[in-house]
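Below is the file start_35.tsv, which contains TSV, C-alpha atoms and all ligand atoms.
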chain	number	residue	atom	x	y	z
A	1	MET	CA	142.11	178.50	109.42
A	2	ILE	CA	139.38	175.88	109.09
A	3	ILE	CA	135.85	177.17	108.43
A	4	LEU	CA	132.61	175.24	108.73
A	5	ALA	CA	129.79	176.85	106.70
A	6	ILE	CA	126.06	176.22	106.72
A	7	GLU	CA	123.61	177.29	104.00
A	8	THR	CA	119.81	176.80	104.13
A	9	SER	CA	118.32	179.91	102.51
A	10	CYS	CA	115.99	178.08	100.13
A	11	ASP	CA	115.67	174.39	99.25
A	12	ASP	CA	119.28	173.16	99.31
A	13	THR	CA	120.88	172.02	102.56
A	14	GLY	CA	124.59	172.88	102.28
A	15	ILE	CA	127.47	172.18	104.64
A	16	ALA	CA	131.09	172.81	103.66
A	17	LEU	CA	134.50	172.73	105.30
A	18	ILE	CA	137.42	174.69	103.90
A	19	LYS	CA	141.00	175.40	104.84
A	20	ALA	CA	141.69	179.07	104.10
A	21	SER	CA	144.97	180.97	104.09
A	22	GLY	CA	146.34	184.34	102.93
A	23	LYS	CA	144.62	187.69	103.00
A	24	LYS	CA	144.32	189.64	99.72
A	25	LEU	CA	145.42	186.65	97.68
A	26	ALA	CA	143.48	184.08	99.67
A	27	LYS	CA	143.75	180.39	98.90
A	28	PHE	CA	141.13	177.79	99.66
A	29	ASP	CA	141.35	174.01	100.02
A	30	ILE	CA	137.95	172.39	99.80
A	31	LEU	CA	137.82	169.72	102.52
A	32	SER	CA	134.17	168.86	101.91
A	33	ASN	CA	131.18	170.43	100.18
A	34	ILE	CA	127.89	168.62	100.79
A	35	VAL	CA	124.72	169.79	99.05
A	36	SER	CA	121.51	167.89	99.71
A	37	SER	CA	118.93	168.87	97.10
A	38	GLN	CA	115.19	168.84	97.85
A	39	ILE	CA	114.08	169.03	94.22
A	40	LYS	CA	112.17	165.72	94.49
A	41	VAL	CA	110.13	167.03	97.46
A	42	HIS	CA	109.07	170.28	95.76
A	43	GLN	CA	108.79	169.09	92.14
A	44	LYS	CA	105.17	168.00	92.40
A	45	PHE	CA	104.20	171.48	93.64
A	46	GLY	CA	106.00	173.24	90.76
A	47	GLY	CA	107.99	175.41	93.22
A	48	VAL	CA	109.49	175.49	96.71
A	49	VAL	CA	107.02	175.03	99.62
A	50	PRO	CA	108.66	176.91	102.54
A	51	ASN	CA	107.41	174.75	105.43
A	52	LEU	CA	108.31	171.53	103.62
A	53	ALA	CA	111.76	172.99	102.90
A	54	ALA	CA	112.25	173.75	106.62
A	55	ARG	CA	111.24	170.23	107.60
A	56	GLU	CA	113.74	168.79	105.11
A	57	HIS	CA	116.53	171.05	106.41
A	58	LEU	CA	115.78	169.91	109.95
A	59	LYS	CA	116.12	166.29	108.85
A	60	ASN	CA	119.15	166.83	106.58
A	61	LEU	CA	121.36	169.17	108.62
A	62	PRO	CA	122.77	166.58	111.09
A	63	ILE	CA	123.19	164.03	108.28
A	64	CYS	CA	125.07	166.51	106.08
A	65	LEU	CA	127.21	167.66	109.03
A	66	LYS	CA	128.23	164.09	109.82
A	67	LYS	CA	129.09	163.48	106.16
A	68	ALA	CA	131.02	166.76	105.80
A	69	LEU	CA	133.07	166.16	108.97
A	70	LYS	CA	133.87	162.58	107.95
A	71	GLU	CA	134.96	163.61	104.43
A	72	ALA	CA	137.16	166.37	105.86
A	73	LYS	CA	138.67	163.88	108.35
A	74	ASN	CA	137.32	165.68	111.44
A	75	PRO	CA	139.52	168.80	111.40
A	76	LYS	CA	139.73	171.28	114.28
A	77	ILE	CA	137.26	174.03	113.41
A	78	ASP	CA	138.28	177.68	113.93
A	79	LEU	CA	135.21	179.54	112.68
A	80	ILE	CA	131.57	178.85	111.80
A	81	ALA	CA	129.85	180.82	109.00
A	82	ALA	CA	126.08	180.66	108.56
A	83	THR	CA	123.71	182.15	105.98
A	84	ILE	CA	121.34	184.55	107.77
A	85	GLY	CA	119.41	185.96	104.75
A	86	PRO	CA	117.91	186.83	102.40
A	87	GLY	CA	115.71	183.81	101.74
A	88	LEU	CA	112.73	181.86	103.03
A	89	ILE	CA	112.46	182.48	106.77
A	90	PRO	CA	111.47	178.90	107.77
A	91	SER	CA	114.54	177.63	105.88
A	92	LEU	CA	116.92	180.31	107.17
A	93	LEU	CA	115.89	179.72	110.79
A	94	MET	CA	116.78	176.04	110.58
A	95	GLY	CA	120.36	176.62	109.40
A	96	ALA	CA	121.04	179.72	111.50
A	97	ASN	CA	119.80	178.08	114.69
A	98	PHE	CA	121.68	174.84	113.98
A	99	ALA	CA	124.86	176.92	113.52
A	100	ARG	CA	124.20	178.86	116.74
A	101	ALA	CA	123.80	175.63	118.69
A	102	LEU	CA	127.10	174.31	117.29
A	103	ALA	CA	128.92	177.57	118.12
A	104	TYR	CA	127.54	177.49	121.66
A	105	THR	CA	128.29	173.84	122.40
A	106	TRP	CA	131.71	173.84	120.72
A	107	ASN	CA	132.53	177.31	122.06
A	108	LYS	CA	133.57	178.60	118.60
A	109	PRO	CA	133.31	182.05	116.98
A	110	ILE	CA	130.46	182.33	114.48
A	111	LEU	CA	129.53	184.97	111.93
A	112	GLY	CA	126.42	185.58	109.85
A	113	VAL	CA	126.86	185.72	106.07
A	114	ASN	CA	124.59	187.41	103.53
A	115	HIS	CA	123.54	184.88	100.86
A	116	ILE	CA	124.17	187.53	98.15
A	117	ASP	CA	127.75	188.01	99.41
A	118	GLY	CA	128.05	184.23	99.15
A	119	HIS	CA	127.05	184.17	95.47
A	120	ILE	CA	129.36	187.09	94.63
A	121	TYR	CA	132.23	185.40	96.50
A	122	SER	CA	131.69	182.09	94.69
A	123	ASN	CA	134.03	183.71	92.15
A	124	PHE	CA	136.82	183.78	94.73
A	125	ILE	CA	136.79	180.02	95.35
A	126	GLN	CA	139.30	179.71	92.50
A	127	GLY	CA	141.67	182.16	94.27
A	128	ILE	CA	141.87	185.48	92.37
A	129	GLN	CA	144.14	188.44	92.80
A	130	ASN	CA	142.73	191.99	93.01
A	131	PRO	CA	139.84	191.99	90.50
A	132	PHE	CA	138.69	195.45	91.61
A	133	PRO	CA	136.87	197.53	90.57
A	134	SER	CA	134.53	194.76	89.58
A	135	LEU	CA	131.01	194.59	88.20
A	136	CYS	CA	129.00	191.74	89.72
A	137	LEU	CA	126.02	190.36	87.85
A	138	LEU	CA	124.10	188.14	90.27
A	139	VAL	CA	121.33	186.15	88.61
A	140	SER	CA	119.46	183.57	90.68
A	141	GLY	CA	115.96	182.36	91.46
A	142	GLY	CA	115.49	185.15	93.99
A	143	HIS	CA	117.75	187.95	92.69
A	144	THR	CA	118.86	189.85	89.62
A	145	GLN	CA	121.31	192.56	90.62
A	146	LEU	CA	124.13	194.60	89.13
A	147	THR	CA	126.59	195.67	91.81
A	148	LEU	CA	129.79	197.65	91.63
A	149	MET	CA	132.41	196.23	93.98
A	150	LYS	CA	135.35	198.51	94.72
A	151	ASN	CA	137.03	196.30	97.28
A	152	HIS	CA	136.27	193.44	99.65
A	153	GLY	CA	132.95	194.16	101.35
A	154	LYS	CA	132.51	197.48	99.51
A	155	PHE	CA	129.40	197.23	97.35
A	156	LYS	CA	127.28	199.74	95.46
A	157	LEU	CA	124.01	198.44	94.08
A	158	LEU	CA	123.57	199.85	90.55
A	159	GLY	CA	120.26	198.22	89.73
A	160	GLU	CA	118.04	195.22	90.33
A	161	THR	CA	114.85	193.63	89.10
A	162	ARG	CA	111.62	195.47	89.75
A	163	ASP	CA	109.57	192.26	89.68
A	164	ASP	CA	110.63	188.71	88.81
A	165	ALA	CA	114.24	187.52	89.00
A	166	ALA	CA	115.88	186.03	85.89
A	167	GLY	CA	115.79	182.50	87.38
A	168	GLU	CA	112.16	182.98	88.38
A	169	CYS	CA	111.42	183.91	84.75
A	170	PHE	CA	113.06	180.67	83.52
A	171	ASP	CA	111.07	178.72	86.16
A	172	LYS	CA	107.73	180.36	85.31
A	173	ILE	CA	108.16	179.91	81.55
A	174	ALA	CA	109.03	176.23	82.12
A	175	LYS	CA	105.93	175.87	84.32
A	176	LEU	CA	103.60	177.35	81.71
A	177	LEU	CA	105.13	175.09	79.06
A	178	ARG	CA	104.64	172.21	81.57
A	179	LEU	CA	108.32	171.25	81.40
A	180	GLY	CA	108.99	170.73	85.13
A	181	TYR	CA	110.91	172.32	88.01
A	182	PRO	CA	113.43	173.97	88.30
A	183	GLY	CA	112.96	175.45	84.84
A	184	GLY	CA	116.37	176.97	84.15
A	185	PRO	CA	118.34	173.76	83.55
A	186	ILE	CA	115.44	172.22	81.55
A	187	ILE	CA	114.97	175.26	79.31
A	188	SER	CA	118.70	175.61	78.66
A	189	LYS	CA	118.94	171.92	77.68
A	190	MET	CA	115.97	172.17	75.31
A	191	ALA	CA	117.15	175.50	73.92
A	192	GLU	CA	120.27	173.75	72.56
A	193	LYS	CA	118.07	172.14	69.89
A	194	GLY	CA	115.96	175.23	69.12
A	195	ASN	CA	116.28	178.40	67.07
A	196	PRO	CA	116.53	181.54	69.25
A	197	LYS	CA	115.17	183.67	66.41
A	198	SER	CA	111.93	181.73	65.87
A	199	PHE	CA	109.77	183.97	68.03
A	200	ASN	CA	110.03	187.70	68.45
A	201	LEU	CA	109.80	188.17	72.22
A	202	PRO	CA	110.21	191.47	74.12
A	203	ARG	CA	113.53	192.47	75.76
A	204	PRO	CA	112.08	194.39	78.74
A	205	MET	CA	113.95	197.55	79.80
A	206	ILE	CA	116.91	196.78	77.51
A	207	LYS	CA	117.08	200.42	76.36
A	208	THR	CA	116.39	202.22	79.66
A	209	LYS	CA	119.30	204.26	81.00
A	210	ASP	CA	119.12	202.76	84.50
A	211	TYR	CA	120.45	199.34	85.51
A	212	ASP	CA	117.12	197.92	86.62
A	213	PHE	CA	115.46	194.86	85.12
A	214	SER	CA	111.91	193.58	84.69
A	215	PHE	CA	111.13	190.01	83.67
A	216	SER	CA	107.46	189.51	84.53
A	217	GLY	CA	106.33	190.97	81.18
A	218	LEU	CA	108.48	188.50	79.26
A	219	LYS	CA	106.81	185.57	81.04
A	220	THR	CA	103.39	187.08	80.19
A	221	ALA	CA	104.45	187.53	76.55
A	222	VAL	CA	105.33	183.82	76.38
A	223	LEU	CA	101.98	182.98	78.01
A	224	TYR	CA	100.06	184.97	75.37
A	225	LEU	CA	102.17	183.50	72.59
A	226	VAL	CA	101.34	179.97	73.79
A	227	LYS	CA	97.62	180.86	74.05
A	228	ASP	CA	97.71	182.28	70.53
A	229	LEU	CA	99.46	179.19	69.15
A	230	LYS	CA	96.82	176.99	70.82
A	231	LYS	CA	94.00	179.11	69.40
A	232	ARG	CA	95.45	178.63	65.94
A	233	LYS	CA	95.50	174.86	66.66
A	234	THR	CA	99.28	174.69	66.30
A	235	LYS	CA	100.70	171.28	67.19
A	236	PHE	CA	103.07	171.49	70.16
A	237	THR	CA	105.78	169.33	68.66
A	238	ASN	CA	109.18	168.89	70.32
A	239	SER	CA	110.72	171.21	67.78
A	240	LEU	CA	108.19	173.98	68.59
A	241	ILE	CA	108.98	173.60	72.33
A	242	PHE	CA	112.73	173.75	71.57
A	243	ASP	CA	112.18	176.97	69.59
A	244	LEU	CA	110.08	178.50	72.39
A	245	CYS	CA	112.82	177.63	74.92
A	246	ALA	CA	115.62	179.02	72.74
A	247	SER	CA	113.71	182.26	72.02
A	248	SER	CA	112.80	182.81	75.70
A	249	GLN	CA	116.36	182.09	76.85
A	250	GLN	CA	117.82	184.48	74.27
A	251	ALA	CA	115.47	187.28	75.36
A	252	ILE	CA	116.67	186.91	78.98
A	253	VAL	CA	120.35	186.64	77.98
A	254	ASP	CA	120.13	189.69	75.66
A	255	VAL	CA	118.86	191.94	78.46
A	256	LEU	CA	121.40	190.68	81.02
A	257	VAL	CA	124.36	190.97	78.63
A	258	ALA	CA	123.36	194.42	77.32
A	259	LYS	CA	122.96	195.97	80.77
A	260	ALA	CA	126.03	194.32	82.28
A	261	THR	CA	128.21	195.39	79.34
A	262	ARG	CA	126.98	198.99	79.52
A	263	ALA	CA	127.53	199.17	83.31
A	264	ALA	CA	131.03	197.70	82.91
A	265	LYS	CA	131.92	200.39	80.35
A	266	GLU	CA	130.40	203.28	82.28
A	267	HIS	CA	132.21	202.33	85.50
A	268	ARG	CA	135.44	201.32	83.74
A	269	VAL	CA	135.74	198.09	85.68
A	270	LYS	CA	138.66	195.72	85.48
A	271	THR	CA	136.52	192.60	85.88
A	272	VAL	CA	133.00	191.34	85.32
A	273	MET	CA	131.97	188.61	87.76
A	274	LEU	CA	128.91	186.50	86.97
A	275	SER	CA	127.25	184.43	89.72
A	276	GLY	CA	124.02	182.81	90.97
A	277	GLY	CA	122.08	179.78	89.73
A	278	VAL	CA	121.40	181.31	86.28
A	279	ALA	CA	125.18	181.74	85.85
A	280	ALA	CA	125.17	177.98	85.15
A	281	ASN	CA	123.47	178.84	81.83
A	282	ASP	CA	125.85	178.07	78.94
A	283	GLU	CA	124.54	180.75	76.57
A	284	LEU	CA	124.77	183.47	79.24
A	285	ARG	CA	128.33	182.39	80.12
A	286	LYS	CA	129.36	182.32	76.47
A	287	GLN	CA	127.70	185.52	75.29
A	288	LEU	CA	128.79	187.65	78.28
A	289	SER	CA	132.32	186.30	78.01
A	290	VAL	CA	132.52	187.31	74.31
A	291	LYS	CA	131.25	190.84	75.08
A	292	CYS	CA	133.82	191.23	77.88
A	293	GLN	CA	136.61	190.08	75.61
A	294	LEU	CA	135.61	192.68	73.02
A	295	SER	CA	135.67	195.39	75.71
A	296	ASN	CA	139.01	194.22	77.15
A	297	VAL	CA	137.50	193.39	80.52
A	298	ASN	CA	138.36	190.22	82.48
A	299	PHE	CA	135.47	187.84	82.78
A	300	LEU	CA	135.03	185.53	85.77
A	301	VAL	CA	132.42	182.89	86.44
A	302	PRO	CA	132.54	180.00	88.95
A	303	SER	CA	132.44	176.42	87.70
A	304	LYS	CA	128.82	175.41	87.18
A	305	LYS	CA	128.55	173.32	90.35
A	306	PHE	CA	129.35	176.38	92.47
A	307	CYS	CA	126.75	178.63	90.77
A	308	THR	CA	123.65	177.14	92.42
A	309	ASP	CA	123.23	177.33	96.20
A	310	ASN	CA	126.03	175.75	98.25
A	311	ALA	CA	127.81	176.31	101.58
A	312	LEU	CA	131.27	176.56	100.03
A	313	MET	CA	130.56	180.10	98.79
A	314	ILE	CA	129.33	180.99	102.31
A	315	ALA	CA	132.61	179.73	103.78
A	316	VAL	CA	134.64	181.83	101.31
A	317	ALA	CA	132.52	184.99	101.87
A	318	GLY	CA	132.79	184.35	105.63
A	319	TYR	CA	136.58	184.18	105.43
A	320	PHE	CA	136.86	187.56	103.65
A	321	LYS	CA	134.29	189.15	105.97
A	322	TYR	CA	136.25	187.86	108.99
A	323	ASN	CA	139.49	189.33	107.57
A	324	PHE	CA	138.28	192.61	106.06
A	325	GLY	CA	135.18	193.46	108.13
A	326	LYS	CA	134.68	193.68	111.84
A	327	PRO	CA	131.87	191.20	112.27
A	328	SER	CA	130.52	190.05	115.59
A	329	THR	CA	131.45	186.44	116.32
A	330	ASP	CA	129.03	185.95	119.21
A	331	TRP	CA	126.36	183.26	118.69
A	332	ARG	CA	123.79	185.47	120.44
A	333	LYS	CA	124.04	187.98	117.56
A	334	ILE	CA	123.11	185.47	114.83
A	335	LYS	CA	119.63	186.39	113.60
A	336	ALA	CA	117.93	185.26	110.42
A	337	ASN	CA	116.44	188.01	108.24
A	338	ALA	CA	114.38	187.04	105.18
A	339	ASN	CA	114.77	190.52	103.64
A	340	LEU	CA	118.46	191.14	104.33
A	341	ARG	CA	119.95	193.59	101.78
A	342	LEU	CA	123.49	193.78	100.47
A	343	GLU	CA	125.51	195.71	103.07
A	344	ASN	CA	129.07	196.98	103.28
A	345	TRP	CA	131.39	195.49	105.88
B	1	LIG	O1	121.27	180.49	93.18
B	1	LIG	P1	120.19	179.50	93.16
B	1	LIG	O2	120.54	178.04	93.36
B	1	LIG	O3	119.10	179.80	94.25
B	1	LIG	C1	118.70	181.10	94.59
B	1	LIG	O4	119.42	181.74	95.39
B	1	LIG	O5	117.67	181.52	94.04
B	1	LIG	O6	119.41	179.70	91.78
B	1	LIG	C2	118.35	178.88	91.38
B	1	LIG	C3	117.85	179.38	90.04
B	1	LIG	C4	116.57	178.69	89.58
B	1	LIG	O7	115.64	179.68	89.17
B	1	LIG	C5	117.03	177.85	88.39
B	1	LIG	O8	116.03	177.67	87.40
B	1	LIG	C6	118.18	178.68	87.86
B	1	LIG	O9	118.83	179.16	89.01
B	1	LIG	N1	119.12	177.89	87.04
B	1	LIG	C7	119.32	178.10	85.72
B	1	LIG	C8	120.25	177.11	85.29
B	1	LIG	N2	120.57	176.34	86.37
B	1	LIG	C9	119.88	176.83	87.43
B	1	LIG	N3	118.82	179.02	84.88
B	1	LIG	C10	119.20	178.98	83.59
B	1	LIG	N4	120.07	178.06	83.09
B	1	LIG	C11	120.61	177.11	83.90
B	1	LIG	N5	121.45	176.22	83.39
B	2	ZN	ZN	121.14	181.55	95.88
Can you turn what I pasted into C-alpha cells?
Amino acid sequence: MIILAIETSCDDTGIALIKASGKKLAKFDILSNIVSSQIKVHQKFGGVVPNLAAREHLKNLPICLKKALKEAKNPKIDLIAATIGPGLIPSLLMGANFARALAYTWNKPILGVNHIDGHIYSNFIQGIQNPFPSLCLLVSGGHTQLTLMKNHGKFKLLGETRDDAAGECFDKIAKLLRLGYPGGPIISKMAEKGNPKSFNLPRPMIKTKDYDFSFSGLKTAVLYLVKDLKKRKTKFTNSLIFDLCASSQQAIVDVLVAKATRAAKEHRVKTVMLSGGVAANDELRKQLSVKCQLSNVNFLVPSKKFCTDNALMIAVAGYFKYNFGKPSTDWRKIKANANLRLENW
C-alpha cells in the first residue's frame, strides 16, 4: 500500500510517501521524504516561536506536497497518516487540518499518529524482524522517555524526565554559551575537540532506582560554572568552550546510558532501540552501543537523517498502527492534541 504522511509537530514541515508491504516483517520503499527546516526563521530568537512556526507550515505544506508527489511519480495513495500530537498546537493544527482536507477531497482513509510512536518506529524504517521485548530510549527536544515495548503498539512507560528533555538541555547549554540554535548538533561538533573530563559536572538522578530523569539542574550547574569562570577572569578560548561542550555532553550521555542499560537488564529485553533528535549524537550512539554489546543485547538506531523530525517515521508508524491497531480512518476524527501521551493500540 502507498502511504502519504504529514508531520508538523514543531518546526520541521515533513511530507513523505512510502510503499509498504508485509505485516510482521514489513518492508518499506521510500518514494519521497521531504523535510523543510525552519531553523533560519527561529535562529534569531534562540528557540522555536510557535506562531511563526505555524505560519511557515502553512506556507510550506503545499510546496512540500507538490515536491513529494512529483518525486514519487504521482502514485495512487491508499492511506494518509498525520501527526496529531504531542507538540506545539499552532504547528500541529496546520498539518492535521491540511491532512484532513486532503482525506476529504480525495476521499481517502486517514489516521492520526502520535509523534512519539513515530520516533520509536523510525527504527523500523530499515525493516526489522521481531525485536520484542524492546527497550525504547526516546531522546528529543521535547521528550526523554524509557519505554518497554512488548509488541507492536504495546507500550509501558518506565520513566521520563521530570523537567527538561535531553535535547532541551543541549539547546539551553548552547544558548548560555552563546553558540547558536539548535544546540545539540553544535555542542556535539565542538565536543569532538574537547576533553569530557575537564569539568566535574553533576549526573542528575543517575543513582535513583526509578527510570526518571532530570536535566534542568545540569544546565544550571553549567550556568554557575560559566559565571564562576568569568568571575575569575578566565579567558573563554576555543579550547575552553570545547572542554565545556565535551563535559556537558558526557554528563548527559552518562545518565542516559546508565539508566537505559539498567532498564534493559531488569526487563531482560532482546533489543534496545534509540530514537529522537538526540539519537543523532555520535557519543550517545557509540557509548550505548558498546554497553549493549557487553550485555548481549541487540542495539538499534536509525540513520542520523531519520532521527530528527520527519514524516517518514510517521508513515511507518501509521502502517503498523493500521495493521495491528483498530484506528479510526474517518477524517472527522482527526484532532490535534498538544499533550497527547503514549497510548496502546
Ligand atoms: O526529534 P527532534 O527533531 O524534535 C523533537 O521532537 O523535539 O529533536 C530535536 C532535538 C534538539 O533539541 C536538538 O538540539 C537535538 O535534537 N539534536 C541533537 C543532535 N542533533 C539534534 N542533540 C545532540 N546531538 C546531536 N547531534
Ligand atoms: Zn520529534
task: Determine, counting all atoms listed in the file, which protein, DNA and RNA residues have an atom within 12 Å of an atom of Tyr181 in chain A; residues of the same chain fewer than 6 positions away are not included. Present the result as a list in words.
output: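 Near Tyr181 in chain A, the qualifying residues are Gln38, Ile39, Lys40, Val41, His42, Gln43, Lys44, Phe45, Gly46, Gly47, Val48, Gly141, Gly167, Glu168, Phe170, Asp171, Lys172, Ile173, Ala174, Lys175 and Ile187 of chain A.
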message: Measuring between all atoms listed in the file, which one of A:Asn107, A:Thr308, A:Thr220, A:Thr13 shows the shortest distance to ligand ZN 2 (chain B)?
response: A:Thr308
- prompt: Which residue gives the smallest distance to Ser91 in chain A among A:Asn281, A:Asn337, A:Asn310, A:Asn130, with only C-alpha atoms counted?
  reply: A:Asn337
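Minimum distance to Tyr319 in chain A across A:Ser239, A:Thr144, A:Thr261, A:Ser122 (counting all atoms listed in the file) occurs at A:Ser122.
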field: Of the listed residues A:Ala264, A:Tyr121, A:Tyr104, A:Gln145, that which approaches Val297 in chain A most closely, counting all atoms listed in the file
entry: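 Smallest distance to Val297 in chain A is found for A:Ala264.
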task: Please write out the residues within 10 Å of ligand LIG 1 (chain B) as a ChimeraX atom specification, counting all atoms listed in the file.
output: /A:9-12,47,86-87,115-116,118-119,138-144,165-172,174,181-189,191,249,252-253,275-285,304-310
- request: Considering all atoms listed in the file, state which residue in the set A:Ala260, A:Ala72, A:Met313, A:Leu340 is at the smallest distance from ligand ZN 2 (chain B).
  value: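 Among the listed residues, A:Met313 lies closest to ligand ZN 2 (chain B).
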- line: Min atom-atom distance to Ile2 in chain A from the set A:Lys76, A:Lys70, A:Lys27, A:Lys230, counting only C-alpha atoms, belongs to A:Lys76
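The coordinates place CA of Ser247 in chain A at 13.2 Å from CA of Leu223 in chain A.
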query: What is the CA of Cys136 in chain A-CA of Gly318 in chain A distance in Å, reported with one decimal?
result: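 These atoms are spaced 17.9 Å apart.
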Ref. answer, residues at most 9 Å from (131.8, 197.8, 94.0) with only C-alpha atoms, as a ChimeraX atom specification: /A:132-136,147-157
- prompt: By how many Å are CA of Arg341 in chain A and CA of Gly22 in chain A apart?
  reply: 28.0 Å
query: Which polymer residues have any atom within 12 Å of an atom of Tyr322 in chain A, counting all atoms listed in the file, with same-chain residues fewer than 6 positions away left out, as a list in words?
result: Met1, Ile3, Ala20, Lys23, Asp78, Leu79, Ile80, Ala81, Pro109, Ile110, Leu111, Gly112, Val113, His152, Gly153, Ile314, Ala315, Val316, Ser328, Thr329 and Trp345 of chain A
task: Considering all atoms listed in the file, return as a PyMOL selection string whatever protein or nucleic-acid residues lie within 7 Å of Ala251 in chain A, sequence-local ones (same chain, fewer than 4 positions apart) excluded.
output: chain A and resi 201-203+247+255
Counting all atoms listed in the file, which residues sit no farther than 10 Å from the position (138.1, 165.4, 103.0) in the file's frame? I'd like them as a PDB file with C-alpha atoms, in the coordinates of the input.
ATOM      1  CA  LEU A  17     134.500 172.730 105.300  1.00  0.00           C
ATOM      2  CA  ILE A  18     137.420 174.690 103.900  1.00  0.00           C
ATOM      3  CA  ASP A  29     141.350 174.010 100.020  1.00  0.00           C
ATOM      4  CA  ILE A  30     137.950 172.390  99.800  1.00  0.00           C
ATOM      5  CA  LEU A  31     137.820 169.720 102.520  1.00  0.00           C
ATOM      6  CA  SER A  32     134.170 168.860 101.910  1.00  0.00           C
ATOM      7  CA  ASN A  33     131.180 170.430 100.180  1.00  0.00           C
ATOM      8  CA  LYS A  67     129.090 163.480 106.160  1.00  0.00           C
ATOM      9  CA  ALA A  68     131.020 166.760 105.800  1.00  0.00           C
ATOM     10  CA  LEU A  69     133.070 166.160 108.970  1.00  0.00           C
ATOM     11  CA  LYS A  70     133.870 162.580 107.950  1.00  0.00           C
ATOM     12  CA  GLU A  71     134.960 163.610 104.430  1.00  0.00           C
ATOM     13  CA  ALA A  72     137.160 166.370 105.860  1.00  0.00           C
ATOM     14  CA  LYS A  73     138.670 163.880 108.350  1.00  0.00           C
ATOM     15  CA  ASN A  74     137.320 165.680 111.440  1.00  0.00           C
ATOM     16  CA  PRO A  75     139.520 168.800 111.400  1.00  0.00           C
TER      17      PRO A  75
END
Reconstructed N, CA and C atoms for range 211-226 of chain A, given as an mmCIF file, in the coordinates of the input:
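Everything below was put into rebuild_29.cif:
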data_model
loop_
_atom_site.group_PDB
_atom_site.id
_atom_site.type_symbol
_atom_site.label_atom_id
_atom_site.label_comp_id
_atom_site.auth_asym_id
_atom_site.auth_seq_id
_atom_site.Cartn_x
_atom_site.Cartn_y
_atom_site.Cartn_z
ATOM 1 N N TYR A 211 119.970 200.723 85.526
ATOM 2 C CA TYR A 211 120.450 199.340 85.510
ATOM 3 C C TYR A 211 119.452 198.384 86.162
ATOM 4 N N ASP A 212 118.166 198.794 86.086
ATOM 5 C CA ASP A 212 117.120 197.920 86.620
ATOM 6 C C ASP A 212 116.672 196.909 85.546
ATOM 7 N N PHE A 213 115.979 195.892 86.019
ATOM 8 C CA PHE A 213 115.460 194.860 85.120
ATOM 9 C C PHE A 213 113.974 194.643 85.411
ATOM 10 N N SER A 214 113.300 193.981 84.476
ATOM 11 C CA SER A 214 111.910 193.580 84.690
ATOM 12 C C SER A 214 111.679 192.347 83.825
ATOM 13 N N PHE A 215 111.310 191.234 84.460
ATOM 14 C CA PHE A 215 111.130 190.010 83.670
ATOM 15 C C PHE A 215 109.711 189.466 83.683
ATOM 16 N N SER A 216 108.804 190.116 84.446
ATOM 17 C CA SER A 216 107.460 189.510 84.530
ATOM 18 C C SER A 216 106.719 189.667 83.199
ATOM 19 N N GLY A 217 106.985 190.762 82.469
ATOM 20 C CA GLY A 217 106.330 190.970 81.180
ATOM 21 C C GLY A 217 106.749 189.948 80.131
ATOM 22 N N LEU A 218 107.976 189.502 80.216
ATOM 23 C CA LEU A 218 108.480 188.500 79.260
ATOM 24 C C LEU A 218 107.731 187.182 79.451
ATOM 25 N N LYS A 219 107.567 186.798 80.733
ATOM 26 C CA LYS A 219 106.810 185.570 81.040
ATOM 27 C C LYS A 219 105.391 185.693 80.503
ATOM 28 N N THR A 220 104.753 186.873 80.674
ATOM 29 C CA THR A 220 103.390 187.080 80.190
ATOM 30 C C THR A 220 103.352 187.025 78.658
ATOM 31 N N ALA A 221 104.391 187.572 78.013
ATOM 32 C CA ALA A 221 104.450 187.530 76.550
ATOM 33 C C ALA A 221 104.494 186.082 76.059
ATOM 34 N N VAL A 222 105.257 185.236 76.766
ATOM 35 C CA VAL A 222 105.330 183.820 76.380
ATOM 36 C C VAL A 222 103.964 183.151 76.605
ATOM 37 N N LEU A 223 103.311 183.532 77.707
ATOM 38 C CA LEU A 223 101.980 182.980 78.010
ATOM 39 C C LEU A 223 100.992 183.301 76.890
ATOM 40 N N TYR A 224 100.970 184.578 76.444
ATOM 41 C CA TYR A 224 100.060 184.970 75.370
ATOM 42 C C TYR A 224 100.427 184.306 74.048
ATOM 43 N N LEU A 225 101.717 184.169 73.813
ATOM 44 C CA LEU A 225 102.170 183.500 72.590
ATOM 45 C C LEU A 225 101.660 182.053 72.561
ATOM 46 N N VAL A 226 101.792 181.368 73.703
ATOM 47 C CA VAL A 226 101.340 179.970 73.790
ATOM 48 C C VAL A 226 99.821 179.893 73.581
#
